[in-house]
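Structure data follow from structure_34.txt (compact mmCIF, C-alpha atoms and all ligand atoms):
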# COMPACT_ATOMS: atom_id res chain seq x y z
CA MET A 112 90.25 108.85 85.20
CA LYS A 113 92.11 111.47 87.22
CA THR A 114 94.48 109.08 88.98
CA PRO A 115 96.92 106.86 87.07
CA ARG A 116 96.39 103.13 86.74
CA TYR A 117 98.81 100.38 85.79
CA LEU A 118 97.90 98.69 82.53
CA VAL A 119 99.69 95.34 82.52
CA PRO A 120 100.14 93.36 85.72
CA ASP A 121 102.12 90.36 84.47
CA LEU A 122 104.97 91.69 82.29
CA PHE A 123 107.34 94.67 82.45
CA MET A 124 106.42 97.06 79.62
CA ALA A 125 107.79 100.60 79.13
CA ASP A 126 107.87 103.53 76.64
CA PRO A 127 104.18 103.16 75.67
CA SER A 128 103.20 104.59 72.25
CA ALA A 129 99.40 104.77 72.03
CA HIS A 130 97.24 105.18 68.91
CA VAL A 131 93.61 104.63 67.97
CA PHE A 132 93.15 102.32 64.99
CA ASN A 133 89.68 101.16 63.86
CA GLY A 134 88.10 102.63 67.02
CA LYS A 135 90.33 100.62 69.41
CA LEU A 136 93.25 101.83 71.46
CA TYR A 137 96.56 100.10 70.64
CA ILE A 138 99.65 100.46 72.82
CA TYR A 139 103.13 99.62 71.51
CA PRO A 140 105.60 99.39 74.44
CA SER A 141 109.22 98.30 74.90
CA HIS A 142 109.38 94.88 76.60
CA ASP A 143 111.70 95.15 79.60
CA VAL A 144 113.61 92.07 80.75
CA GLU A 145 115.93 91.13 83.59
CA SER A 146 119.14 91.29 81.56
CA GLY A 147 121.60 90.70 84.39
CA ILE A 148 123.69 93.61 83.01
CA ALA A 149 124.83 96.22 85.55
CA GLU A 150 123.20 99.66 85.31
CA ASN A 151 125.34 102.30 83.52
CA ASP A 152 124.98 105.65 81.64
CA ASN A 153 125.23 103.77 78.34
CA GLY A 154 121.92 102.00 79.05
CA ASP A 155 123.40 98.51 78.59
CA HIS A 156 120.96 97.19 81.21
CA PHE A 157 118.06 97.87 78.77
CA ASP A 158 118.68 94.71 76.74
CA MET A 159 115.21 94.16 75.29
CA ARG A 160 114.60 91.42 72.74
CA ASP A 161 111.05 91.68 71.42
CA TYR A 162 107.89 93.78 71.22
CA HIS A 163 104.29 93.00 72.20
CA VAL A 164 101.19 95.04 71.39
CA TYR A 165 98.18 95.62 73.65
CA SER A 166 94.65 96.71 72.73
CA LEU A 167 91.78 98.16 74.78
CA ASP A 168 88.11 98.66 73.85
CA SER A 169 87.73 101.41 76.44
CA ILE A 170 90.18 103.18 78.74
CA ASP A 171 89.07 101.17 81.80
CA ALA A 172 89.08 97.82 80.00
CA GLU A 173 91.66 95.12 80.55
CA ALA A 174 94.61 95.50 78.16
CA VAL A 175 94.65 92.49 75.81
CA ASP A 176 98.14 91.17 75.02
CA HIS A 177 98.42 90.14 71.34
CA GLY A 178 101.79 88.50 71.98
CA VAL A 179 105.14 89.00 70.23
CA ILE A 180 104.88 91.16 67.10
CA LEU A 181 108.60 91.45 66.28
CA ALA A 182 111.74 89.87 67.80
CA VAL A 183 115.39 90.86 67.54
CA THR A 184 116.07 87.44 65.98
CA ASP A 185 113.76 88.36 63.02
CA ILE A 186 115.78 91.46 62.07
CA PRO A 187 118.61 90.87 59.55
CA TRP A 188 120.72 93.88 60.64
CA ALA A 189 120.23 93.39 64.39
CA GLY A 190 122.89 93.69 67.01
CA ARG A 191 121.12 94.23 70.33
CA GLN A 192 118.69 96.33 72.38
CA LEU A 193 115.19 96.93 70.99
CA TRP A 194 114.32 100.28 72.55
CA ASP A 195 111.36 102.61 72.10
CA SER A 196 109.08 102.17 69.04
CA ASP A 197 106.02 103.73 67.40
CA VAL A 198 103.42 102.68 64.81
CA ALA A 199 101.72 104.59 61.98
CA PHE A 200 99.00 103.65 59.46
CA LYS A 201 98.82 104.47 55.76
CA ASN A 202 96.94 102.97 52.80
CA GLY A 203 95.91 99.76 54.56
CA LYS A 204 99.32 99.00 56.10
CA TYR A 205 100.77 99.49 59.58
CA TYR A 206 104.40 100.58 59.96
CA LEU A 207 106.37 99.86 63.13
CA TYR A 208 109.37 102.17 63.63
CA TYR A 209 111.87 100.90 66.21
CA SER A 210 115.25 101.75 67.79
CA LEU A 211 117.91 99.03 67.57
CA LYS A 212 121.71 98.75 67.68
CA ASP A 213 123.40 97.24 64.62
CA LYS A 214 126.21 94.66 64.81
CA ASN A 215 128.70 97.51 65.49
CA ASP A 216 126.68 98.72 68.51
CA VAL A 217 125.41 101.81 66.66
CA PHE A 218 121.73 102.75 67.03
CA HIS A 219 119.56 103.16 63.92
CA ILE A 220 115.84 103.22 63.25
CA GLY A 221 114.23 100.26 61.53
CA VAL A 222 110.79 99.77 59.94
CA ALA A 223 108.62 96.65 59.92
CA VAL A 224 105.29 96.31 58.09
CA SER A 225 102.01 94.54 58.83
CA ASP A 226 98.45 94.35 57.44
CA LYS A 227 97.03 94.52 60.98
CA PRO A 228 97.68 96.77 63.98
CA GLU A 229 98.27 93.68 66.12
CA GLY A 230 100.98 92.38 63.76
CA PRO A 231 103.03 90.33 63.25
CA PHE A 232 105.34 92.88 61.61
CA VAL A 233 107.85 91.96 58.88
CA PRO A 234 111.12 93.90 59.14
CA GLN A 235 112.83 95.60 56.20
CA GLU A 236 116.25 94.18 55.29
CA ASN A 237 118.12 97.34 56.41
CA PRO A 238 117.54 100.29 58.76
CA ILE A 239 116.20 103.57 57.35
CA LYS A 240 119.01 105.17 55.31
CA GLY A 241 120.57 108.08 57.21
CA SER A 242 118.87 107.14 60.50
CA TYR A 243 120.70 107.27 63.81
CA SER A 244 120.03 107.48 67.56
CA ILE A 245 116.75 106.33 69.16
CA ASP A 246 113.13 106.92 70.10
CA PRO A 247 111.19 107.34 66.83
CA CYS A 248 107.74 108.94 67.03
CA VAL A 249 105.63 109.22 63.87
CA PHE A 250 102.98 111.91 63.62
CA GLU A 251 100.32 112.09 60.90
CA ASP A 252 99.18 115.62 60.16
CA GLU A 253 95.63 116.43 59.04
CA ASP A 254 96.77 116.62 55.38
CA GLY A 255 97.97 112.98 55.56
CA ALA A 256 101.73 113.79 55.66
CA HIS A 257 103.76 111.68 58.12
CA TYR A 258 106.69 113.15 60.08
CA ILE A 259 109.20 111.17 62.13
CA TYR A 260 110.81 112.67 65.26
CA PHE A 261 113.80 111.01 66.93
CA GLY A 262 116.91 111.35 69.08
CA GLY A 263 118.21 110.56 72.54
CA LEU A 264 121.32 111.57 74.51
CA TRP A 265 123.92 109.44 76.36
CA GLY A 266 123.06 105.75 75.67
CA GLY A 267 120.87 106.98 72.80
CA GLN A 268 124.05 108.28 71.05
CA LEU A 269 122.65 111.63 69.77
CA GLN A 270 125.76 113.46 71.08
CA ARG A 271 127.85 111.47 68.60
CA TYR A 272 126.34 113.37 65.62
CA ARG A 273 126.42 116.90 64.22
CA ASN A 274 124.53 117.89 61.03
CA ASN A 275 123.44 114.24 60.62
CA LYS A 276 127.08 113.02 60.43
CA ALA A 277 128.90 110.87 62.98
CA ILE A 278 131.75 112.72 64.72
CA GLU A 279 134.68 111.45 66.70
CA TYR A 280 134.48 111.80 70.52
CA GLY A 281 130.91 113.13 70.51
CA GLN A 282 129.81 114.98 73.62
CA GLU A 283 127.02 117.37 74.62
CA PRO A 284 127.98 121.03 73.92
CA PRO A 285 129.29 123.23 76.77
CA ASP A 286 126.58 124.42 79.20
CA ASN A 287 126.19 127.95 77.74
CA GLU A 288 125.81 126.80 74.12
CA PRO A 289 122.54 125.74 72.45
CA ALA A 290 121.42 122.26 73.46
CA LEU A 291 121.44 119.40 70.98
CA CYS A 292 118.08 119.21 69.22
CA PRO A 293 115.70 116.36 68.51
CA LYS A 294 115.39 115.63 64.78
CA VAL A 295 112.40 115.81 62.45
CA VAL A 296 111.93 114.77 58.83
CA ARG A 297 108.96 113.93 56.63
CA LEU A 298 108.67 110.26 55.61
CA THR A 299 108.54 109.23 51.95
CA ASP A 300 105.13 108.32 50.49
CA ASP A 301 105.92 104.59 50.92
CA MET A 302 106.67 105.26 54.64
CA LEU A 303 109.99 103.40 54.42
CA GLU A 304 112.59 106.18 54.16
CA PHE A 305 113.36 109.78 55.12
CA SER A 306 112.25 112.15 52.35
CA ALA A 307 115.18 114.54 53.06
CA GLU A 308 117.95 115.20 55.56
CA PRO A 309 116.57 115.36 59.13
CA GLN A 310 116.29 118.90 60.54
CA ASP A 311 116.89 120.21 64.03
CA LEU A 312 113.68 120.78 65.99
CA LEU A 313 114.43 124.00 67.86
CA ILE A 314 113.04 124.50 71.36
CA LEU A 315 113.12 128.17 72.40
CA ASP A 316 112.80 129.79 75.80
CA GLU A 317 110.36 132.60 76.68
CA ASN A 318 112.76 135.15 75.09
CA GLY A 319 112.98 133.32 71.77
CA LYS A 320 116.48 131.94 72.51
CA PRO A 321 117.34 128.25 72.01
CA LEU A 322 117.44 126.29 75.28
CA THR A 323 121.04 125.81 76.37
CA ALA A 324 122.86 122.51 76.96
CA GLY A 325 123.27 123.39 80.65
CA ASP A 326 119.53 123.92 81.15
CA HIS A 327 118.97 120.36 82.32
CA ASP A 328 115.46 121.08 83.62
CA ARG A 329 114.25 122.04 80.13
CA ARG A 330 116.59 120.81 77.41
CA PHE A 331 115.66 117.81 75.24
CA PHE A 332 117.11 114.44 76.28
CA GLU A 333 114.96 111.68 74.66
CA ALA A 334 111.40 110.32 74.24
CA SER A 335 109.93 112.59 71.51
CA TRP A 336 106.17 112.75 71.04
CA MET A 337 104.04 115.00 68.84
CA HIS A 338 100.32 115.67 69.03
CA LYS A 339 98.02 118.39 67.78
CA TYR A 340 95.48 120.18 69.97
CA ASN A 341 93.21 123.02 68.84
CA GLY A 342 95.34 123.58 65.70
CA LYS A 343 98.65 123.87 67.59
CA TYR A 344 101.54 121.38 67.49
CA TYR A 345 102.68 120.05 70.88
CA PHE A 346 106.18 118.53 71.02
CA SER A 347 106.78 116.67 74.29
CA TYR A 348 109.92 114.94 75.58
CA SER A 349 111.95 113.75 78.56
CA THR A 350 114.71 115.83 80.16
CA GLY A 351 116.55 112.59 81.08
CA ASN A 352 118.83 113.27 84.03
CA THR A 353 116.30 115.67 85.62
CA HIS A 354 113.51 113.12 85.02
CA LEU A 355 110.78 115.48 83.76
CA LEU A 356 108.32 115.18 80.90
CA CYS A 357 108.05 118.64 79.31
CA TYR A 358 106.37 120.21 76.31
CA ALA A 359 106.76 123.01 73.81
CA ILE A 360 104.20 124.47 71.38
CA GLY A 361 104.68 125.39 67.70
CA ASP A 362 102.71 126.38 64.60
CA ASN A 363 103.87 123.63 62.23
CA PRO A 364 105.42 120.14 62.41
CA TYR A 365 109.01 121.44 62.04
CA GLY A 366 108.84 124.22 64.62
CA PRO A 367 110.38 126.26 66.12
CA PHE A 368 108.66 125.33 69.37
CA THR A 369 108.45 127.43 72.52
CA TYR A 370 108.95 125.74 75.87
CA GLN A 371 105.76 125.73 78.00
CA GLY A 372 106.24 123.61 81.10
CA VAL A 373 106.15 120.22 82.80
CA ILE A 374 103.59 117.54 81.95
CA LEU A 375 104.74 114.92 84.48
CA THR A 376 106.98 115.37 87.53
CA PRO A 377 109.55 112.60 88.22
CA VAL A 378 108.32 109.04 88.68
CA VAL A 379 110.00 106.18 90.54
CA GLY A 380 112.85 104.99 88.25
CA TRP A 381 115.51 106.82 86.21
CA THR A 382 113.72 107.04 82.87
CA THR A 383 110.45 108.75 82.10
CA HIS A 384 108.73 108.32 78.76
CA HIS A 385 105.25 108.83 77.35
CA SER A 386 102.72 109.22 74.59
CA ILE A 387 99.62 111.42 74.39
CA CYS A 388 96.49 110.20 72.64
CA GLU A 389 92.82 111.18 72.36
CA PHE A 390 90.47 108.23 72.86
CA GLN A 391 86.68 108.29 73.05
CA GLY A 392 86.57 112.05 73.64
CA LYS A 393 89.27 112.43 76.30
CA TRP A 394 93.02 112.93 76.23
CA TYR A 395 95.36 110.54 78.04
CA LEU A 396 99.02 110.43 79.08
CA PHE A 397 100.57 106.97 78.76
CA HIS A 398 103.80 106.62 80.75
CA HIS A 399 105.74 104.21 82.96
CA ASP A 400 107.40 103.86 86.35
CA SER A 401 109.47 101.30 88.23
CA VAL A 402 107.23 100.88 91.29
CA PRO A 403 106.08 97.29 90.61
CA SER A 404 109.69 96.07 90.24
CA GLY A 405 110.67 97.71 93.53
CA GLY A 406 112.51 100.58 91.81
CA LYS A 407 114.59 98.65 89.26
CA THR A 408 115.35 101.18 86.51
CA TRP A 409 115.34 98.55 83.77
CA LEU A 410 112.02 96.89 84.79
CA ARG A 411 109.22 99.36 84.17
CA SER A 412 105.42 99.15 84.10
CA MET A 413 102.96 101.06 81.91
CA LYS A 414 100.40 103.48 83.35
CA VAL A 415 97.69 105.74 81.99
CA VAL A 416 96.10 108.90 83.40
CA GLU A 417 93.79 111.52 81.93
CA LEU A 418 95.56 114.61 80.56
CA GLU A 419 93.82 117.95 81.06
CA TYR A 420 94.29 121.29 79.32
CA ASN A 421 93.72 124.76 80.70
CA ASP A 422 91.53 127.18 78.69
CA ASP A 423 94.67 128.83 77.24
CA GLY A 424 95.87 125.50 75.80
CA THR A 425 98.54 124.82 78.43
CA ILE A 426 98.64 121.35 79.99
CA LYS A 427 97.90 120.77 83.69
CA THR A 428 100.98 119.26 85.36
CA ILE A 429 100.52 115.70 86.62
CA GLU A 430 102.22 114.50 89.81
CA GLY A 431 104.43 111.49 88.99
CA LEU A 432 104.35 109.97 92.46
CA GLN A 433 100.56 109.74 92.89
CA ASN A 434 98.78 106.39 92.98
CA THR A 435 101.78 104.13 93.02
CA ASN A 436 99.64 101.30 94.39
CA PHE A 437 100.19 98.31 92.21
CA SER A 438 97.53 95.62 92.43
O1 LIG B 501 113.55 101.79 76.88
C1 LIG B 501 114.87 102.13 76.60
C2 LIG B 501 115.06 103.61 76.62
O2 LIG B 501 114.76 104.11 77.92
C3 LIG B 501 114.12 104.39 75.72
O3 LIG B 501 114.42 104.30 74.36
C4 LIG B 501 114.29 105.72 76.34
O4 LIG B 501 113.38 106.69 75.92
C5 LIG B 501 114.14 105.39 77.81
O5 LIG B 501 112.80 105.27 78.20

Kindly return the structure encoded in the file as C-alpha cells.
Ligand code: FUB
Amino acid sequence: MKTPRYLVPDLFMADPSAHVFNGKLYIYPSHDVESGIAENDNGDHFDMRDYHVYSLDSIDAEAVDHGVILAVTDIPWAGRQLWDSDVAFKNGKYYLYYSLKDKNDVFHIGVAVSDKPEGPFVPQENPIKGSYSIDPCVFEDEDGAHYIYFGGLWGGQLQRYRNNKAIEYGQEPPDNEPALCPKVVRLTDDMLEFSAEPQDLLILDENGKPLTAGDHDRRFFEASWMHKYNGKYYFSYSTGNTHLLCYAIGDNPYGPFTYQGVILTPVVGWTTHHSICEFQGKWYLFHHDSVPSGGKTWLRSMKVVELEYNDDGTIKTIEGLQNTNFS
C-alpha cells in the first residue's frame, strides 16, 4: 500500500495509536466531535468525550469498530477534553493511557485497565502522580521494560512546566535558547505510575547541539511516538505550527536523539499526528487529516500508508497531500 487510505468512513477519528495484539491490528484514536466551540490556540474546540477502538485482520480489511471503550463520564477526576491516548500490554492486562483535563482545566495523564484489547477499560481513581501535559505514548522495549513519552505545547500546556514543576506565566523559551523537550520515564512494574521523575528527551541537531525554540521546522511540539528499527530507537513527533511529522534516532529509550528529517509533509488541517507499527511484515504510518470534514481542524479522519526505509535506516518522506480522495 503505497498510497494512503482512509480507515473509518462514518465517524471522525484522529491521533491513531496502532499496536498488534494477538496477531490483530488494534487502533486507538481520539474521537472528534462537533463541539460548537470556536477554534483557538488553546485547543478548546477539541472537546472529545469518549474513545472507541478499531481492529483489522489485515491492512486492507475493513476496520471493525468495537464501540465506546471509555467515556469522560466514567472518569472520577475528569474535567473535559479526552485527547490523544495509547495502549500497552503486560501480564495479561491492557493499559490505556489518556490525556484529560482535570476539574481545574489542567491536563494530566490517566490510566484505565482491561482484560481485552477491545475493552471496556476501567479508569483508575486518580491520574498518574506527577503527570502533566498531553499525548502519552508507551513503548515496550525488547527486555520487557515499558517507557512512557509525553508532552505538548500551547493547548497541551507543556510550556507551563520546568523541571516537572508548574511555573507561573509559562511560555516557550526565547528563540535562541534550547527548545522545550518531550518527557520520558519508565513505568512501574504494575504499569500504573511513573517509576521516577520524568526526564527531558533531548533532540540534537547535526552538530550535536539541542534544537532551539525558534527552530519551528524541527523542534518538538506534540504527538510523541517511539519505535525500534534494526536495533535503533526512532522518536517521532509533530512540529505543531509548521505541521510536519519529524523523527530523530537514538541508541537507547532515553536518548539523546539526533534529528533526521521529515516523515510526513503537512496534511489538510492544523494538527498532524501519527503512530508507526509493523504488521504482517511491513511498516505502516497511521495518521489523520481533515479532508473528509471539508478542512475543519477539529473533525479529523484516520489514514494509513506504508512506511519505507532507505538502506541507511532513514525514512522515506511521505507526501501529506496525496490521495485525499475520500470515498
Ligand atoms: O486530538 C487533540 C490533540 O490534537 C492531540 O492531543 C494533539 O496531538 C493534536 O493531534

Original post:
Looking at all atoms listed in the file, which of A:Lys135, A:His257, A:Lys212, A:Arg329 is the one that sits closest to Phe390 in chain A?
Top reply: A:Lys135

Subject >> Nearest candidate to ligand LIG 501 (chain B) (options A:Phe157, A:Phe331, A:Tyr370, A:Tyr208; using only C-alpha atoms and all ligand atoms) >> reply: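 Of A:Phe157, A:Phe331, A:Tyr370, A:Tyr208, the one nearest ligand LIG 501 (chain B), counting only C-alpha atoms and all ligand atoms, is A:Phe157.
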
Original post:
For ligand LIG 501 (chain B), which of A:Gly178, A:Gly372, A:Pro321, A:Gly267 is the closest residue, counting all atoms listed in the file?
Top reply: A:Gly267

**OP:** Just give me the gap between CA of Tyr139 in chain A and CA of Tyr165 in chain A in Å, one decimal is fine.
**Re:**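 Rounded to one decimal, the two atoms are 6.7 Å apart.
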
Original post:
Of the candidates A:Trp188, A:Phe368, A:Tyr117, A:Trp336, which one gets nearest to Asn237 in chain A if we count all atoms listed in the file?
Top reply: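 Of A:Trp188, A:Phe368, A:Tyr117, A:Trp336, the one nearest Asn237 in chain A is A:Trp188, counting all atoms listed in the file.
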
Given only C-alpha atoms and all ligand atoms, how would the per-residue table for chain A near ligand LIG 501 (chain B) read, listing every residue at most 7 Å away with its closest atom pair and distance in Å to one decimal, sorted by chain and number, as CSV?
residue,atom,partner,partner_atom,distance
A:Ala125,CA,B:LIG501,O1,6.3
A:Asp126,CA,B:LIG501,O5,5.5
A:Ser141,CA,B:LIG501,O1,5.9
A:Phe157,CA,B:LIG501,C1,5.7
A:Trp194,CA,B:LIG501,O3,4.4
A:Asp195,CA,B:LIG501,O3,4.2
A:Ile245,CA,B:LIG501,O3,6.0
A:Asp246,CA,B:LIG501,O3,5.2
A:Glu333,CA,B:LIG501,O4,5.4
A:Ala334,CA,B:LIG501,O4,4.5
A:Thr382,CA,B:LIG501,O5,5.1
A:Thr383,CA,B:LIG501,O5,5.7
A:His384,CA,B:LIG501,O5,5.1

Include C-alpha atoms and write out the residues we just selected as an mmCIF file, in the coordinates of the input.
data_model
loop_
_atom_site.group_PDB
_atom_site.id
_atom_site.type_symbol
_atom_site.label_atom_id
_atom_site.label_comp_id
_atom_site.auth_asym_id
_atom_site.auth_seq_id
_atom_site.Cartn_x
_atom_site.Cartn_y
_atom_site.Cartn_z
ATOM 1 C CA ALA A 125 107.790 100.600 79.130
ATOM 2 C CA ASP A 126 107.870 103.530 76.640
ATOM 3 C CA SER A 141 109.220 98.300 74.900
ATOM 4 C CA PHE A 157 118.060 97.870 78.770
ATOM 5 C CA TRP A 194 114.320 100.280 72.550
ATOM 6 C CA ASP A 195 111.360 102.610 72.100
ATOM 7 C CA ILE A 245 116.750 106.330 69.160
ATOM 8 C CA ASP A 246 113.130 106.920 70.100
ATOM 9 C CA GLU A 333 114.960 111.680 74.660
ATOM 10 C CA ALA A 334 111.400 110.320 74.240
ATOM 11 C CA THR A 382 113.720 107.040 82.870
ATOM 12 C CA THR A 383 110.450 108.750 82.100
ATOM 13 C CA HIS A 384 108.730 108.320 78.760
#

Mind checking which residues fall within 10 Å of Lys393 in chain A, counting all atoms listed in the file, ignoring those fewer than 5 positions away in the same chain, and posting them as a PDB file with C-alpha atoms, in the frame of the given file?
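Below is the file that was written, part.pdb:
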ATOM      1  CA  MET A 112      90.250 108.850  85.200  1.00  0.00           C
ATOM      2  CA  ILE A 170      90.180 103.180  78.740  1.00  0.00           C
ATOM      3  CA  CYS A 388      96.490 110.200  72.640  1.00  0.00           C
ATOM      4  CA  GLU A 417      93.790 111.520  81.930  1.00  0.00           C
ATOM      5  CA  LEU A 418      95.560 114.610  80.560  1.00  0.00           C
ATOM      6  CA  GLU A 419      93.820 117.950  81.060  1.00  0.00           C
TER       7      GLU A 419
END

Subject >> Polymer residues at most 10 Å from Lys227 in chain A, all atoms listed in the file, same-chain spacing of 2 or more positions, as a VMD selection string >> reply: chain A and resid 132 200 203 to 206 224 to 225 229 to 232

Output file for the residues above (C-alpha atoms, as a compact mmCIF listing (two decimals), in the coordinates of the input):
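Saved result, out.txt, follows:
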# COMPACT_ATOMS: atom_id res chain seq x y z
CA PHE A 132 93.15 102.32 64.99
CA PHE A 200 99.00 103.65 59.46
CA GLY A 203 95.91 99.76 54.56
CA LYS A 204 99.32 99.00 56.10
CA TYR A 205 100.77 99.49 59.58
CA TYR A 206 104.40 100.58 59.96
CA VAL A 224 105.29 96.31 58.09
CA SER A 225 102.01 94.54 58.83
CA GLU A 229 98.27 93.68 66.12
CA GLY A 230 100.98 92.38 63.76
CA PRO A 231 103.03 90.33 63.25
CA PHE A 232 105.34 92.88 61.61

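Ranking A:Arg160, A:Asp152, A:Tyr260, A:Glu173 by their shortest atom-to-atom distance to Asn352 in chain A, with only C-alpha atoms included, puts A:Asp152 first.
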
Original post:
Of the residues A:Tyr272, A:Ser146, A:Phe332, A:Ala324, which is the one nearest to Pro293 in chain A, using only C-alpha atoms?
Top reply: A:Phe332

Original post:
How many Å separate CA of Pro285 in chain A from CA of Asn151 in chain A?
Top reply: 22.3 Å

**OP:** Give as a list in words each residue that has an atom at most 12 Å from (117.4, 89.0, 60.0) in the file, counting only C-alpha atoms.
**Re:** Leu181, Ala182, Val183, Thr184, Asp185, Ile186, Pro187, Trp188, Ala189, Gly190, Asp213, Lys214, Gly221, Ala223, Val233, Pro234, Gln235, Glu236, Asn237 and Pro238 of chain A

**OP:** Counting all atoms listed in the file, select every polymer residue within 6 Å of (124.8, 116.4, 70.9) as defined in the file's coordinates, and provide the selection as an MDAnalysis selection string.
**Re:** chainID A and resid 269:270 282:283 291

Could you list, with a cut-off of 7 Å and counting all atoms listed in the file, the residues of range 163-243 of chain A near range 297-311 of chain A, each shown with its nearest atom pair and the distance in Å rounded to one decimal, rows sorted by chain and ascending number, as a tab-separated table?
residue	atom	partner	partner_atom	distance
A:Val222	CA	A:Leu303	CA	6.7
A:Ile239	CA	A:Glu304	CA	5.5
A:Lys240	CA	A:Glu304	CA	6.6

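Across the model, the gap from CA of Pro115 in chain A to CA of Ile374 in chain A is 13.6 Å.
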
**OP:** Write out as a list in words which residues come within 9 Å of Thr323 in chain A when counting all atoms listed in the file, dropping same-chain ones fewer than 3 positions away.
**Re:**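 With the cut-off at 9 Å, the set is Pro284, Pro285, Asp286, Asn287, Glu288, Pro289, Ala290, Leu291, Lys320, Asp326, His327, Arg329 and Arg330 of chain A.
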
I need the residues from that last selection saved to file as a PDB file, keeping the file's coordinate frame (with C-alpha atoms), if you can.
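Output saved as result-v4.pdb:
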ATOM      1  CA  PRO A 284     127.980 121.030  73.920  1.00  0.00           C
ATOM      2  CA  PRO A 285     129.290 123.230  76.770  1.00  0.00           C
ATOM      3  CA  ASP A 286     126.580 124.420  79.200  1.00  0.00           C
ATOM      4  CA  ASN A 287     126.190 127.950  77.740  1.00  0.00           C
ATOM      5  CA  GLU A 288     125.810 126.800  74.120  1.00  0.00           C
ATOM      6  CA  PRO A 289     122.540 125.740  72.450  1.00  0.00           C
ATOM      7  CA  ALA A 290     121.420 122.260  73.460  1.00  0.00           C
ATOM      8  CA  LEU A 291     121.440 119.400  70.980  1.00  0.00           C
ATOM      9  CA  LYS A 320     116.480 131.940  72.510  1.00  0.00           C
ATOM     10  CA  ASP A 326     119.530 123.920  81.150  1.00  0.00           C
ATOM     11  CA  HIS A 327     118.970 120.360  82.320  1.00  0.00           C
ATOM     12  CA  ARG A 329     114.250 122.040  80.130  1.00  0.00           C
ATOM     13  CA  ARG A 330     116.590 120.810  77.410  1.00  0.00           C
TER      14      ARG A 330
END

Using the partial input, fill out range 241-246 of chain A with all heavy atoms; write the result as a compact mmCIF listing (two decimals), in the frame of the given file.
# COMPACT_ATOMS: atom_id res chain seq x y z
N GLY A 241 120.31 106.79 56.57
CA GLY A 241 120.57 108.08 57.21
C GLY A 241 119.99 108.17 58.61
O GLY A 241 120.05 109.24 59.23
N SER A 242 119.44 107.07 59.14
CA SER A 242 118.87 107.14 60.50
C SER A 242 119.95 106.88 61.53
O SER A 242 120.92 106.16 61.27
CB SER A 242 117.73 106.14 60.66
OG SER A 242 118.22 104.81 60.67
N TYR A 243 119.78 107.46 62.70
CA TYR A 243 120.70 107.27 63.81
C TYR A 243 119.96 107.57 65.10
O TYR A 243 118.83 108.06 65.09
CB TYR A 243 121.95 108.15 63.65
CG TYR A 243 121.67 109.62 63.52
CD1 TYR A 243 121.69 110.46 64.61
CD2 TYR A 243 121.38 110.18 62.26
CE1 TYR A 243 121.43 111.83 64.49
CE2 TYR A 243 121.12 111.54 62.14
CZ TYR A 243 121.15 112.35 63.24
OH TYR A 243 120.89 113.69 63.12
N SER A 244 120.59 107.24 66.23
CA SER A 244 120.03 107.48 67.56
C SER A 244 118.72 106.68 67.75
O SER A 244 118.54 105.64 67.09
CB SER A 244 119.87 108.98 67.80
OG SER A 244 119.70 109.26 69.18
N ILE A 245 117.84 107.18 68.65
CA ILE A 245 116.75 106.33 69.16
C ILE A 245 115.40 107.07 69.17
O ILE A 245 115.31 108.22 68.78
CB ILE A 245 117.05 105.87 70.61
CG1 ILE A 245 117.24 107.10 71.53
CG2 ILE A 245 118.28 104.98 70.64
CD1 ILE A 245 117.17 106.78 73.02
N ASP A 246 114.43 106.37 69.70
CA ASP A 246 113.13 106.92 70.10
C ASP A 246 112.34 107.57 68.96
O ASP A 246 111.97 108.76 69.03
CB ASP A 246 113.29 107.91 71.27
CG ASP A 246 113.61 107.21 72.59
OD1 ASP A 246 113.80 105.97 72.57
OD2 ASP A 246 113.67 107.88 73.63
